[in-house]
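The block underneath contains the structure these notes are about, expressed in structure tokens.
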Amino acid sequence: MSSRSKHSELRFEDAIELELLARGYDKRKPETFATTLGLFPADVVEYIKTSQPKKWQKLSDIQRDAAEATLLDALNKELTTKGSLHVLRHGFKCFGTTFQMAAFKPASGMNPDTIAAYEQNILTITRQVKFNPDTEQSVDVVLAVNGIPVVTAELKNPMTGQNVEHAKHQYASNRDPRLTLFRFKERSLVHFAVDPDLVFMTTKLEGRSTAWLPFNRGYCNGAGNPPGEGGNYRTAYLWEEALTRESLLDILARFVHLQIDERQIRTDKGVRTVRKETMIFPRYHQLAVVRRLVDHAQANSSGRNYLIQHSAGSGKSNSIAWLAHHLAGLHDVKDQKVFDTVVVITDRLVLDQQLQDTIYQFEHKKGVVEKIDEDTQQLAKALANRVPIIISTIQKFPFITGAIATLGKKGDQVAIDSANRRYAIIVDEAHSSSAGETAQALRGILNKEGIEAAVAAQLLDDQDDSDLTPEARENMLREMAKRPRQPNLSYFAFTATPKFKTKALFDEPGDDGKSPFHLYSMRQAIQEGFIMDVLANYTTYKAYFGLVKEVADDPEVPEREAAKALARFLAFHPHNLRQKVEVIVEHFRTFTRHKIGGRAKAMVVTGSRLHAVRYKQGIDKYILEKGYTDIKTLVAFSGTVEDPELEGKTYTEVGMNGGIRESELPEKFSGEEYQVLIVAEKYQTGFDQPLLHTMYVDKRLDHIQAVQTLSRLNRRAAGKDDTFVLDFVNERDEILKAFKPYYEATEIGEMPDVHQLYAIQHELEASPVINQPEITQFCEIWFRNRREPTAGEHKQLNGFLDQAVIRFGQLNDADKKAFKSKLVSFRNLYAFLAQIIPYQDSDLEKLYTYARFLLLKLPRRAEGPGYELEDEVALRFYRLQKISEGGIDLEEGEAEPLKGPTEVGTRGAEDKSVVLSKLVDKLNERFGTEFKQADQLFFDQIAEAAVDNETLQTAAKVNSLDNFKPVFDRLLEGLFIDRMDGNEEIFDKIMNDPVFRGLASEQLMREVYERLRGRPNM
């Protein structure tokens, strides 16, 4: 390195050193570092003498002049066997005495002695530390705590031609991991590669195999760092924020932990346990989100709803564990606990265990964390006993009252007193645990006393001449009081893909004044290389087929039902399936199998359980026919599947997988024996398999489902350089549209109109199905007995509902669809809005209660495939053709805001009869075959698609023709493009002739608007 380069680096070092010295550090000369011991001996001894004088005196009395050498030797041995993190937290033994090596900041300031001990810590910065006794090599910066080195850093200055990549290379090539300073766990816990623009970190040096993680703030929702304020370095946050005295001690006390993964593998010599240790140091976004949440909760107490939108694969499990630990010990400025108990809501077994293992390392004592893995009685006891951190599924909360009663009968009296108690509720996946009756039950249990007080106040101030008895009305008010947010509960909801309702409910504003409270975007995660871009290699195949009638006549059939039946016919046709099976197997063997060092795996995403069964059979048959021995499959689906073509023949996941139990499947798939996993619904969310490289999609993926499913590929693994998607069903623009809202900060559209609910209520009550006296009588029984009706009352409840079912049955099919759609809309909209808007309207609550149960009694769609056409059509020809390949660029286009309950439709789409030949022709044209349609049919299709569009349905309902036009024009071009195949001539005319296009658009708009406005109940 030239003297000029070194000089520039020294100026960079100077700036960092000055800032750290101003933030609680002391400076040490490099010669004070004992290379062989890997310690700063003078600081070790000084800290022991100052902080533990009696213990030091005891050792001195025994060892006299050899006391210091004895102490350092014992410390060195403990560091070698247990590691520096363990020693800093729990001390080490020397001659029967336990010496502490650090004192961390207490949760509260009530004990002056602990504060004084914390102030005695010695944090030092030393520059140009020689780490090899045989050479003059040195590391730029070493930070130590009480003489134990915990951080090293290599600094580079791009102005001299070197940057952070050179620092990484220096660690990989010139820093021997066997030397004391760099030994994993034993001394330094983290190593930083730093230049003025970027920071990367690693916790284990492994030569050229060293894995680096970004430690950057992010910039414009992407990678990197924003410009420094006042001309400062972009990376100044590292030493001005993350590595200050107070921050580093907090990280060592409550963030860094050793993650241990053990799994058993079978070898020729039997079963062997493989143990992998990983030192976890928080990335910047994890450190930032925990601290921001903690600071905000400390300042604002409970009653807040936070949304944390962190990309899949961003270390959410560790973030949740750290947050739970911090919140459990959080005190306000008056030294009062902010939260009495932290409840973590999760359905993931992996997170359950990880939370317990991680937090136990911090507390090192039992009873701090309790996982509810037995029954609801265990949950009731944990809440009653005020366990600091409880891990449970939300489904157990509705049954707590019954569990308490059962415990009482056993003589175990349990009382959950929520008076003056505050809870932090951490939700692992926001959509699954934030709304609905189960979430309402949770609020009812954790704020029981507060709800009772609210009900009492409402009764005192109640001017409503209720038609319910006082007892029933009081219980109804109790249910209503559970719906809005509770002042003693704070929600901390994590998700990578927030829905509209999620963002509306978890509304605590972040830096930009809007939810989410904290963002680590998919864009940043991809650009930082932390997750894979699953759309970088995306190939679509399209089925080109011709359908011909096999029946002599031309029957009239319901258009939508027939279209679905034709789609099913094509999906399950043996020739169709065989071609796709061949594409999948041959592609996997040719391209995928050799990826990730020959360990790559694939997933086949199917549209139904029966579809998965047929795929499993088809792939296995093809493999057997070809004699392939390098590919084996597993299948995943729930329950039992009956094949309608083989009467009485059923299939289960375990049976088709040769006896592999459901719980064993993920581990079996991760081994070497199986390469392809065929799934129906299962494993499309929450499944982390880094070796998953390729996905074959034969299922329609819409919106958030597309993001969650395809994101199974995004985990990184050693040797994994890319991913691949082969999609038989979805269009590229559809996938782009699905991903765009979650690529950066997810935006939502307008909040719902509070009067929309009353409009739907009015339409329902005008229906002949609804009878107000029956609703009143139903709610009287339901609420009077606190949801525990007797057998006779249960009979009465069903009787009231049956009367409505009879009246429903007397409607024509169109009115049945319209009524049921309105009822579903009312139920969903009220459940959502009542959490945000304090309606306090007993009529709404009664109709909601009645609607929930009536929907369960109304006739459902017939089970099975519905309208059948298999005997009436046959496959004339079929071929698969590659339509497109290459990446889908997420940077292109603008994301559409998520639509909320204002978009809830109040009726199902109408179906009309068409002759089968016309429907077949339309399908042939749509899929691009040689069958041409008359030009007028092109416009008929556009009109039909527009009429069925939910956005246009809503717009027509509430807008004049002039206001409807911009909405229609925005969607029209997409409708034209969707139907350009086979209509090139007229399509070109529309696209290239503005006058022709204008006339056609005007005519279509008027026709669609008039048809939508002319519908009944619009």
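Labels for the structure tokens follow display order: chains A, B, ..., residues from 1 in each chain, ligands from 1.
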
Inset, instruction - Excluding Gln100 of chain A and any residue of its chain fewer than 3 positions from it, enumerate the residues within 8 Å of it, using only C-alpha atoms, and give them as an MDAnalysis selection string. - result: chainID A and resid 48 87:92 103

Output N, CA and C atoms for every residue in that selection, as a short mmCIF file (atom, residue, chain, number, x, y, z; two decimals), in the first residue's frame.
data_model
loop_
_atom_site.label_atom_id
_atom_site.label_comp_id
_atom_site.auth_asym_id
_atom_site.auth_seq_id
_atom_site.Cartn_x
_atom_site.Cartn_y
_atom_site.Cartn_z
N ILE A 48 -10.98 -5.63 36.97
CA ILE A 48 -11.24 -6.53 38.12
C ILE A 48 -10.94 -5.81 39.43
N VAL A 87 -18.41 -15.34 28.57
CA VAL A 87 -17.61 -14.80 29.67
C VAL A 87 -18.05 -13.37 30.00
N LEU A 88 -18.32 -12.57 29.00
CA LEU A 88 -18.76 -11.19 29.26
C LEU A 88 -20.10 -11.18 29.99
N ARG A 89 -20.95 -12.12 29.71
CA ARG A 89 -22.27 -12.13 30.34
C ARG A 89 -22.28 -12.82 31.70
N HIS A 90 -21.47 -13.87 31.83
CA HIS A 90 -21.59 -14.69 33.04
C HIS A 90 -20.31 -14.82 33.84
N GLY A 91 -19.22 -14.18 33.36
CA GLY A 91 -17.99 -14.20 34.12
C GLY A 91 -17.21 -15.50 33.96
N PHE A 92 -16.15 -15.65 34.77
CA PHE A 92 -15.31 -16.86 34.72
C PHE A 92 -14.82 -17.16 36.13
N ALA A 103 -20.52 -5.41 33.26
CA ALA A 103 -21.78 -5.10 33.96
C ALA A 103 -22.66 -4.33 32.98
#

Legend entry - Spatial neighbours of Val729 of chain A, 8 Å, only C-alpha atoms, chain gap at least 6 places, as a PyMOL selection string: chain A and resi 540-542+697-700

Inset, instruction - From segment 321-505 of chain A, collect each residue whose DSSP state is strand (DSSP E or B) and return the set as a count of residues only. - result: 26

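For Thr469 of chain A, the non-local neighbours within 10 Å, defined as residues at least 2 positions apart in the same chain or in other chains and counting only C-alpha atoms, are A:Ser466, A:Asp467, A:Glu471, A:Ala472, A:Arg473, A:Glu474, A:Glu780, A:Ile781, A:Phe783, A:Arg784.
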
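Going from atom CA of Phe397 of chain A to atom CA of Arg485 of chain A covers 16.7 Å.
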
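Residues in contact with Asp428 of chain A at up to 7 Å, not including ones fewer than 2 positions away on its chain and judged by only C-alpha atoms, are Ile345, Thr346, Ile426, Ala430, Ala493 and Phe494 of chain A.
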
Inset, instruction - Write out as a PyMOL selection string the residues lying within 7 Å of segment 755-760 of chain A, counting only C-alpha atoms and excluding same-chain residues fewer than 3 positions away. - result: chain A and resi 763-764+822+826+829-830

Those same residues - C-alpha atoms - I'd like them written as a PDB file, in the first residue's frame.
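Output below, filename again31.pdb:
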ATOM      1  CA  GLU A 763     -80.278  -3.423   1.178  1.00  0.00           C
ATOM      2  CA  LEU A 764     -80.183  -6.562   3.333  1.00  0.00           C
ATOM      3  CA  LYS A 822     -74.338  -8.675   0.273  1.00  0.00           C
ATOM      4  CA  PHE A 826     -71.663  -6.869   5.441  1.00  0.00           C
ATOM      5  CA  LEU A 829     -66.936  -4.983   6.365  1.00  0.00           C
ATOM      6  CA  TYR A 830     -68.375  -4.705   9.863  1.00  0.00           C
TER       7      TYR A 830
END

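The smallest atom-to-atom distance between Ala738 of chain A and any of A:Val427, A:Ile619, A:Leu890, A:Leu181, using only C-alpha atoms, is found for A:Leu890.
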
Legend entry - Straight-line distance linking atom CA of Met695 of chain A with atom CA of Pro214 of chain A, stated in Å to one decimal: 27.7 Å

Inset, instruction - Quick one: everything within 9 Å of segment 1005-1009 of chain A, counting only C-alpha atoms, minus sequence neighbours fewer than 5 positions away in the same chain. Send it as number ranges by chain. - result: A: 943-944, 946-947, 952-953, 956, 961, 964-965, 968-969, 1000, 1014

Inset, instruction - Among the residues of segment 247-420 of chain A, find those DSSP assigns to helix (DSSP H, G or I) from the backbone and print them as an NGL selection string. - result: :A and (247-254 or 284-300 or 316-328 or 349-363 or 376-384 or 394-409)

Legend entry - Closest of A:Asn216, A:Ser247, A:Gln527, A:Asn121 to Glu46 of chain A - atom-to-atom distances counting only C-alpha atoms: A:Asn121

If we count only C-alpha atoms and set the cut-off at 8 Å, which residues sit around Lys93 of chain A, ignoring sequence neighbours fewer than 4 positions away in its own chain? Please answer as a PDB file with N, CA and C atoms, in the first residue's frame.
ATOM      1  N   ALA A  74      -6.483 -18.069  33.748  1.00  0.00           N
ATOM      2  CA  ALA A  74      -7.831 -18.626  33.935  1.00  0.00           C
ATOM      3  C   ALA A  74      -8.814 -18.019  32.935  1.00  0.00           C
ATOM      4  N   LEU A  75      -8.699 -16.698  32.724  1.00  0.00           N
ATOM      5  CA  LEU A  75      -9.576 -16.026  31.776  1.00  0.00           C
ATOM      6  C   LEU A  75      -9.351 -16.576  30.360  1.00  0.00           C
ATOM      7  N   GLU A  78     -10.984 -19.973  29.968  1.00  0.00           N
ATOM      8  CA  GLU A  78     -12.451 -19.873  29.910  1.00  0.00           C
ATOM      9  C   GLU A  78     -12.913 -19.317  28.563  1.00  0.00           C
ATOM     10  N   THR A  97     -13.451 -18.579  42.732  1.00  0.00           N
ATOM     11  CA  THR A  97     -14.155 -17.292  42.758  1.00  0.00           C
ATOM     12  C   THR A  97     -14.621 -16.930  41.344  1.00  0.00           C
ATOM     13  N   THR A  98     -15.872 -16.490  41.225  1.00  0.00           N
ATOM     14  CA  THR A  98     -16.389 -16.066  39.933  1.00  0.00           C
ATOM     15  C   THR A  98     -16.157 -14.568  39.757  1.00  0.00           C
ATOM     16  N   PHE A  99     -15.356 -14.237  38.771  1.00  0.00           N
ATOM     17  CA  PHE A  99     -15.094 -12.837  38.445  1.00  0.00           C
ATOM     18  C   PHE A  99     -15.992 -12.429  37.278  1.00  0.00           C
TER      19      PHE A  99
END

Legend entry - For Met159 of chain A, the nearest of the candidates A:Phe200, A:Phe12, A:Trp56, A:Phe255, counting only C-alpha atoms: A:Phe12

Legend entry - Using only C-alpha atoms: which of A:Ile425, A:Ile596, A:Ile280, A:Ala415 has the shortest distance to Lys185 of chain A: A:Ile280

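Here atom CA of Leu18 of chain A and atom CA of Ser84 of chain A stand 26.7 Å from one another.
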